[in-house]
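For reference, final17.txt (compact mmCIF, C-alpha atoms (C1' of nucleotides)):
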```txt
# COMPACT_ATOMS: atom_id res chain seq x y z
CA MET S 4 -0.30 -5.23 5.32
CA GLU S 5 2.24 -6.24 7.90
CA LYS S 6 5.03 -8.31 6.55
CA MET S 7 5.30 -11.25 8.87
CA GLU S 8 1.74 -11.55 10.04
CA ASN S 9 -0.24 -12.06 6.90
CA ARG S 10 -0.32 -15.51 5.38
CA CYS S 11 -1.90 -14.63 2.11
CA PRO S 12 0.30 -15.04 -0.95
CA VAL S 13 -1.43 -12.12 -2.58
CA GLU S 14 -0.90 -9.82 0.34
CA THR S 15 2.61 -11.07 0.82
CA THR S 16 3.36 -10.42 -2.81
CA LEU S 17 1.82 -7.00 -2.70
CA SER S 18 3.67 -6.12 0.47
CA LEU S 19 6.88 -6.75 -1.43
CA ILE S 20 6.23 -3.72 -3.56
CA ASN S 21 4.14 -1.62 -1.33
CA GLY S 22 6.73 0.97 -0.48
CA LYS S 23 5.95 4.27 -2.11
CA TRP S 24 8.98 4.01 -4.39
CA LYS S 25 9.61 0.33 -4.88
CA LEU S 26 8.04 0.04 -8.30
CA LEU S 27 10.13 2.93 -9.48
CA ILE S 28 13.28 1.39 -8.06
CA LEU S 29 12.39 -1.90 -9.65
CA LYS S 30 12.01 -0.16 -12.96
CA GLU S 31 15.34 1.63 -12.70
CA LEU S 32 17.12 -1.58 -11.83
CA SER S 33 15.46 -3.40 -14.69
CA GLN S 34 17.87 -1.61 -17.00
CA GLY S 35 20.88 -3.17 -15.29
CA PRO S 36 23.00 -2.55 -12.19
CA VAL S 37 22.82 0.97 -10.83
CA ARG S 38 24.77 2.83 -8.19
CA TYR S 39 23.24 4.60 -5.23
CA ASN S 40 23.61 8.11 -6.53
CA GLN S 41 22.40 7.15 -9.96
CA LEU S 42 19.21 5.98 -8.33
CA LYS S 43 19.01 9.17 -6.36
CA GLU S 44 19.31 11.12 -9.59
CA SER S 45 16.74 9.05 -11.46
CA ILE S 46 14.30 9.56 -8.63
CA PRO S 47 15.03 13.08 -7.42
CA ALA S 48 11.96 13.35 -5.22
CA ILE S 49 13.04 10.58 -2.87
CA SER S 50 15.10 11.37 0.22
CA THR S 51 18.31 9.50 0.97
CA LYS S 52 16.77 8.11 4.10
CA VAL S 53 13.79 6.61 2.36
CA LEU S 54 15.82 5.44 -0.61
CA THR S 55 18.15 3.54 1.67
CA GLN S 56 15.23 2.24 3.67
CA GLN S 57 13.42 0.86 0.68
CA LEU S 58 16.58 -0.60 -0.78
CA ARG S 59 17.30 -2.40 2.47
CA GLU S 60 13.81 -3.82 2.60
CA MET S 61 13.94 -4.95 -0.98
CA GLU S 62 17.29 -6.54 -0.33
CA SER S 63 16.10 -8.44 2.71
CA ASP S 64 13.05 -9.52 0.73
CA GLY S 65 15.42 -10.99 -1.81
CA MET S 66 14.28 -8.82 -4.70
CA ILE S 67 17.50 -6.96 -5.23
CA ILE S 68 21.21 -7.54 -4.76
CA ARG S 69 23.56 -5.08 -3.13
CA GLU S 70 27.16 -5.42 -4.13
CA VAL S 71 29.86 -3.43 -2.40
CA PHE S 72 33.14 -2.74 -4.14
CA PRO S 73 35.81 -2.15 -1.51
CA GLU S 74 37.16 1.05 -2.98
CA ILE S 75 37.66 4.60 -1.96
CA PRO S 76 35.47 6.44 -2.58
CA PRO S 77 32.80 3.83 -1.81
CA HIS S 78 31.14 2.06 -4.68
CA VAL S 79 27.87 0.15 -4.34
CA GLU S 80 25.81 -1.41 -7.06
CA TYR S 81 22.22 -2.50 -6.89
CA SER S 82 20.67 -4.98 -9.28
CA LEU S 83 17.61 -7.17 -9.63
CA SER S 84 17.74 -10.70 -8.33
CA GLU S 85 16.03 -13.42 -10.30
CA MET S 86 13.00 -12.97 -8.11
CA GLY S 87 13.14 -9.22 -8.70
CA VAL S 88 12.96 -9.85 -12.41
CA SER S 89 10.05 -12.23 -12.12
CA ILE S 90 8.01 -9.91 -9.92
CA PHE S 91 8.75 -7.07 -12.28
CA LYS S 92 7.26 -9.13 -15.08
CA ILE S 93 4.11 -9.62 -13.08
CA PHE S 94 3.66 -5.93 -12.81
CA ALA S 95 4.14 -5.60 -16.51
CA GLU S 96 1.08 -7.84 -16.73
CA ILE S 97 -0.80 -5.59 -14.38
CA ARG S 98 0.17 -2.65 -16.47
CA ARG S 99 -1.33 -4.33 -19.47
CA TRP S 100 -4.55 -4.77 -17.60
CA GLY S 101 -4.48 -1.16 -16.49
CA LEU S 102 -4.07 0.06 -20.04
CA GLU S 103 -6.66 -2.23 -21.56
CA ASP S 104 -9.42 -1.12 -19.32
CA ASP S 105 -10.87 2.01 -20.86
CA LYS S 106 -13.61 2.14 -18.31
CA ARG S 107 -11.26 3.66 -15.80
CA ASN S 108 -9.95 6.22 -18.28
CA ASN S 109 -6.36 5.51 -17.50
CA PRO S 110 -4.27 8.30 -18.87
CA LYS S 111 -1.30 6.76 -20.55
CA CYS S 112 1.79 6.82 -18.40
CA SER S 113 3.36 9.97 -19.73
CA ASP S 114 4.53 12.17 -16.93
CA CYS S 115 4.85 10.45 -13.61
CA GLN S 116 6.82 12.97 -11.62
CA SER S 117 9.95 10.88 -11.41
CA CYS S 118 9.17 8.45 -14.15
CA ARG S 119 9.73 10.32 -17.32
CA PRO S 120 12.13 8.42 -19.55
CA TYR S 121 10.55 4.98 -19.35
CA HIS S 122 7.22 3.42 -18.67
CA LEU S 123 6.47 0.80 -16.10
CA MET R 16 0.16 6.41 -4.10
CA GLU R 17 -2.32 9.20 -4.43
CA LYS R 18 -5.28 8.41 -6.56
CA MET R 19 -5.60 11.25 -8.99
CA GLU R 20 -1.99 12.30 -9.33
CA ASN R 21 -0.19 9.25 -10.57
CA ARG R 22 -0.33 8.40 -14.23
CA CYS R 23 1.13 4.94 -14.08
CA PRO R 24 -1.23 2.13 -14.96
CA VAL R 25 0.56 -0.10 -12.49
CA GLU R 26 0.28 2.35 -9.65
CA THR R 27 -3.27 3.17 -10.60
CA THR R 28 -4.14 -0.49 -10.59
CA LEU R 29 -2.42 -1.08 -7.30
CA SER R 30 -4.10 1.92 -5.75
CA LEU R 31 -7.39 0.26 -6.54
CA ILE R 32 -6.71 -2.43 -4.02
CA ASN R 33 -4.39 -0.69 -1.66
CA GLY R 34 -6.77 -0.38 1.23
CA LYS R 35 -5.92 -2.74 4.03
CA TRP R 36 -9.08 -4.77 3.52
CA LYS R 37 -9.95 -4.43 -0.14
CA LEU R 38 -8.61 -7.78 -1.22
CA LEU R 39 -10.59 -9.43 1.50
CA ILE R 40 -13.72 -7.56 0.51
CA LEU R 41 -13.12 -8.51 -3.09
CA LYS R 42 -12.87 -12.11 -2.04
CA GLU R 43 -16.06 -12.03 -0.01
CA LEU R 44 -17.96 -10.45 -2.87
CA SER R 45 -16.61 -12.97 -5.32
CA GLN R 46 -19.07 -15.47 -3.87
CA GLY R 47 -22.02 -13.32 -4.87
CA PRO R 48 -23.91 -10.32 -3.49
CA VAL R 49 -23.42 -9.69 0.20
CA ARG R 50 -25.10 -7.41 2.71
CA TYR R 51 -23.28 -4.93 4.89
CA ASN R 52 -23.52 -6.89 8.10
CA GLN R 53 -22.58 -10.12 6.39
CA LEU R 54 -19.36 -8.44 5.35
CA LYS R 55 -18.85 -7.15 8.85
CA GLU R 56 -19.27 -10.69 10.15
CA SER R 57 -16.94 -12.23 7.58
CA ILE R 58 -14.30 -9.69 8.49
CA PRO R 59 -14.77 -9.17 12.21
CA ALA R 60 -11.55 -7.25 12.71
CA ILE R 61 -12.62 -4.34 10.54
CA SER R 62 -14.41 -1.36 12.05
CA THR R 63 -17.65 -0.09 10.59
CA LYS R 64 -16.00 3.17 9.74
CA VAL R 65 -13.26 1.60 7.69
CA LEU R 66 -15.54 -0.96 6.12
CA THR R 67 -17.84 1.77 4.87
CA GLN R 68 -14.88 3.84 3.76
CA GLN R 69 -13.34 1.08 1.70
CA LEU R 70 -16.67 0.11 0.22
CA ARG R 71 -17.30 3.69 -0.85
CA GLU R 72 -13.89 3.93 -2.46
CA MET R 73 -14.30 0.65 -4.26
CA GLU R 74 -17.70 1.78 -5.45
CA SER R 75 -16.42 5.06 -6.81
CA ASP R 76 -13.56 3.21 -8.45
CA GLY R 77 -16.15 1.12 -10.22
CA MET R 78 -15.10 -2.19 -8.72
CA ILE R 79 -18.24 -2.91 -6.81
CA ILE R 80 -21.92 -2.13 -7.03
CA ARG R 81 -24.03 -0.93 -4.14
CA GLU R 82 -27.70 -1.66 -4.40
CA VAL R 83 -30.18 -0.24 -1.93
CA PHE R 84 -33.50 -1.93 -1.35
CA PRO R 85 -35.94 0.66 -0.02
CA GLU R 86 -37.20 -1.36 2.88
CA ILE R 87 -37.40 -1.06 6.59
CA PRO R 88 -35.16 -2.14 8.11
CA PRO R 89 -32.63 -0.96 5.52
CA HIS R 90 -31.26 -3.52 3.10
CA VAL R 91 -28.09 -2.95 1.08
CA GLU R 92 -26.31 -5.41 -1.16
CA TYR R 93 -22.78 -5.17 -2.45
CA SER R 94 -21.54 -7.10 -5.45
CA LEU R 95 -18.62 -7.16 -7.86
CA SER R 96 -18.86 -5.22 -11.06
CA GLU R 97 -17.40 -6.67 -14.23
CA MET R 98 -14.22 -4.78 -13.52
CA GLY R 99 -14.18 -6.07 -9.97
CA VAL R 100 -14.27 -9.59 -11.31
CA SER R 101 -11.47 -8.96 -13.75
CA ILE R 102 -9.17 -7.39 -11.19
CA PHE R 103 -9.92 -10.21 -8.82
CA LYS R 104 -8.72 -12.62 -11.47
CA ILE R 105 -5.47 -10.73 -11.81
CA PHE R 106 -4.78 -11.12 -8.16
CA ALA R 107 -5.52 -14.79 -8.44
CA GLU R 108 -2.61 -14.82 -10.88
CA ILE R 109 -0.42 -13.07 -8.38
CA ARG R 110 -1.40 -15.59 -5.80
CA ARG R 111 -0.17 -18.30 -8.11
CA TRP R 112 3.16 -16.52 -8.38
CA GLY R 113 3.34 -16.12 -4.62
CA LEU R 114 2.76 -19.80 -4.09
CA GLU R 115 5.16 -20.97 -6.75
CA ASP R 116 8.06 -19.12 -5.35
CA ASP R 117 9.53 -21.30 -2.64
CA LYS R 118 12.41 -18.95 -2.11
CA ARG R 119 10.25 -16.69 -0.03
CA ASN R 120 8.91 -19.57 2.05
CA ASN R 121 5.36 -18.49 1.62
CA PRO R 122 3.34 -20.28 4.20
CA LYS R 123 0.23 -21.53 2.53
CA CYS R 124 -2.73 -19.32 3.15
CA SER R 125 -4.23 -21.19 6.05
CA ASP R 126 -5.15 -18.86 8.80
CA CYS R 127 -5.36 -15.25 7.81
CA GLN R 128 -7.13 -13.72 10.76
CA SER R 129 -10.27 -12.94 8.89
CA CYS R 130 -9.72 -15.14 5.89
CA ARG R 131 -10.41 -18.59 7.11
CA PRO R 132 -13.01 -20.27 4.95
CA TYR R 133 -11.59 -19.42 1.54
CA HIS R 134 -8.29 -18.59 -0.04
CA LEU R 135 -7.50 -15.55 -2.07
C1' DC O 18 -29.79 -2.86 9.64
C1' DT O 19 -26.63 0.40 7.80
C1' DG O 20 -24.29 3.33 8.59
C1' DT O 21 -22.01 8.71 10.85
C1' DA O 22 -19.24 11.37 14.07
C1' DT O 23 -15.29 11.82 17.12
C1' DC O 24 -11.19 11.23 18.84
C1' DC O 25 -6.79 8.92 18.79
C1' DT O 26 -2.52 6.34 17.40
C1' DA O 27 1.24 4.15 14.77
C1' DG O 28 3.97 4.24 11.10
C1' DC O 29 5.33 6.05 6.71
C1' DC O 30 7.53 9.59 4.63
C1' DG O 31 10.18 14.04 4.10
C1' DA O 32 13.80 17.82 5.18
C1' DT O 33 17.99 18.72 6.85
C1' DA O 34 22.37 18.09 8.89
C1' DC O 35 26.18 15.27 9.48
C1' DT O 36 29.90 11.13 8.67
C1' DG O 37 33.51 7.31 7.25
C1' DC Z 10 30.20 8.29 -2.65
C1' DA Z 11 27.01 6.25 0.14
C1' DG Z 12 25.03 6.57 3.46
C1' DT Z 13 23.25 7.82 9.30
C1' DA Z 14 20.83 10.67 12.69
C1' DT Z 15 17.08 13.57 14.11
C1' DC Z 16 12.99 15.73 14.17
C1' DG Z 17 8.64 16.30 12.77
C1' DG Z 18 4.09 16.12 9.74
C1' DC Z 19 0.48 13.62 7.73
C1' DT Z 20 -2.95 10.24 7.15
C1' DA Z 21 -4.81 5.45 7.01
C1' DG Z 22 -6.76 2.95 10.12
C1' DG Z 23 -8.91 1.78 14.90
C1' DA Z 24 -12.26 2.32 19.21
C1' DT Z 25 -16.27 3.85 20.62
C1' DA Z 26 -20.58 6.20 20.74
C1' DC Z 27 -24.54 7.52 18.41
C1' DA Z 28 -28.38 8.01 14.49
C1' DG Z 29 -32.08 7.28 10.74
```

Using structure tokens, write down the structure that the file contains.
Amino acid sequence: MEKMENRCPVETTLSLINGKWKLLILKELSQGPVRYNQLKESIPAISTKVLTQQLREMESDGMIIREVFPEIPPHVEYSLSEMGVSIFKIFAEIRRWGLEDDKRNNPKCSDCQSCRPYHL
Amino acid sequence: MEKMENRCPVETTLSLINGKWKLLILKELSQGPVRYNQLKESIPAISTKVLTQQLREMESDGMIIREVFPEIPPHVEYSLSEMGVSIFKIFAEIRRWGLEDDKRNNPKCSDCQSCRPYHL
DNA sequence: CTGTATCCTAGCCGATACTG
DNA sequence: CAGTATCGGCTAGGATACAG
């Protein structure tokens, strides 16, 4: 799913969250603004490189907002944009579907490796 | 998003359609049962290997049904299962979201390379 | 007609070290 | 604290040839 080549709203929408960690990031930010290292701690398995990468993509997609406080030491806060909130709600819908459907025997979200405290 | 390791309904759901062509296949099947070569012709850009691969995955995920008619030459029909229909509807919802949101300047789905006659 | 079997590539992702 | 820079592995997907 390349970003600029597909013209399908569904694929475009899906490409917005198709990084390996974007849903998780979305979830973390849904609690309110979070700093870089807080994110890193909430999602220990992600590397700094990939975390930054995904954050940059999400920012340029307009899903999240990156606010820099000109202090020393550096201080950066990430938060959901309005669009970030609305797409997050969509995936709450999907979650509902995923849970409803017993046919697929979905184990309830209990111990995603980096997703312990909350549920998507 | 590995299939058997994640426990998140959202990720599980997304993994169901995270092949590059699965949405397209879903769409083709939504019109009714289709034979292998019909699919290949509707989606010319896909290779036989990948087409078969994705079909097999979708089948084992319970989204589609593969029916073999014991004839010569071989005759195989693919169709949506009940679950396939229901997930397809979800992504119709997403499409609606994608189209509503002008902020992302979604070009209307007009000329996906292999997605001409219908819209997702 | 409905697929396998090979071989190959691009891009995602990770580990680790380093920086303003 | 909030990131770059580098190197390198893995795997989904693609091209092509062949088979029952």

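Closest approach to Tyr39 of chain S from the set S:Ile97, S:Leu27, S:Leu58, S:Cys11 is made by S:Leu58, with distances taken over only C-alpha atoms.
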
* Check every residue of chain S for an atom within 10 Å of chain O, counting only C-alpha atoms (C1' of nucleotides), and provide those that qualify as a list in words. => Gly22, Lys23, Ala48, Ile49, Ser50, Thr51, Lys52, Val53 and Pro77 of chain S

* **Using all atoms listed in the file: which of S:Leu102, S:Ile67, S:Leu19, S:Leu26 has the shortest distance to Leu83 of chain S** => S:Ile67

* To do: Please provide the set of residues having any atom within 8 Å of segment 99-102 of chain R, restricted to all atoms listed in the file, with same-chain residues fewer than 6 positions apart removed, written as a list in words.
  =>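 Near neighbours after the sequence-gap exclusion: Leu41, Ser45, Gly77, Met78 and Ile79 of chain R.
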
* **Coordinates-based distance that separates atom CA of Val79 of chain S from atom CA of Thr55 of chain S (Å, one decimal)** =>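 Result for atom CA of Thr55 of chain S versus atom CA of Val79 of chain S: 11.9 Å, one decimal.
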
* Smallest atom-to-atom distance to Glu74 of chain R: which of R:Ser96, R:Ile58, R:Ile87, R:Arg111, using only C-alpha atoms? ->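 Checking each of R:Ser96, R:Ile58, R:Ile87, R:Arg111 against Glu74 of chain R, counting only C-alpha atoms, the winner is R:Ser96.
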
* With distances taken over only C-alpha atoms (C1' of nucleotides), which of R:Lys104, R:Pro88, R:Ser75, R:Arg110 is nearest to DG29 of chain Z? ->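 Residue with the minimum atom-to-atom distance to DG29 of chain Z: R:Pro88.
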
* To do: Quick one: everything within 9 Å of Glu31 of chain S, counting only C-alpha atoms (C1' of nucleotides), minus sequence neighbours fewer than 6 positions away in the same chain. Send it as a list in words.
  =>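 Surrounding residues, per the criterion: Val37, Leu42, Ser45, Ile46 and Tyr121 of chain S.
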
Might I get the box with edges along x, y and z of the file that holds all atoms of segment 31-47 of chain S listed there, padded by 4 Å on every side, given as centre and edge lengths in Å to one decimal, as lines of an AutoDock Vina configuration file?
```
center_x = 19.5
center_y = 4.8
center_z = -11.1
size_x = 18.5
size_y = 24.5
size_z = 19.8
```

* To do: Please indicate the distance in Å from atom CA of Trp36 of chain R to atom CA of Phe106 of chain R, rounded to one decimal place.
  => 14.0 Å

* To do: Pull out every residue of chain Z sitting within 12 Å of chain S, counting all atoms listed in the file, and send them as a ChimeraX atom specification.
  => /Z:10-15,21-22

* To do: Kindly give the distance, in Å, that separates atom CA of Ala95 of chain S and atom CA of Pro36 of chain S, rounded to a single decimal.
  => 19.6 Å
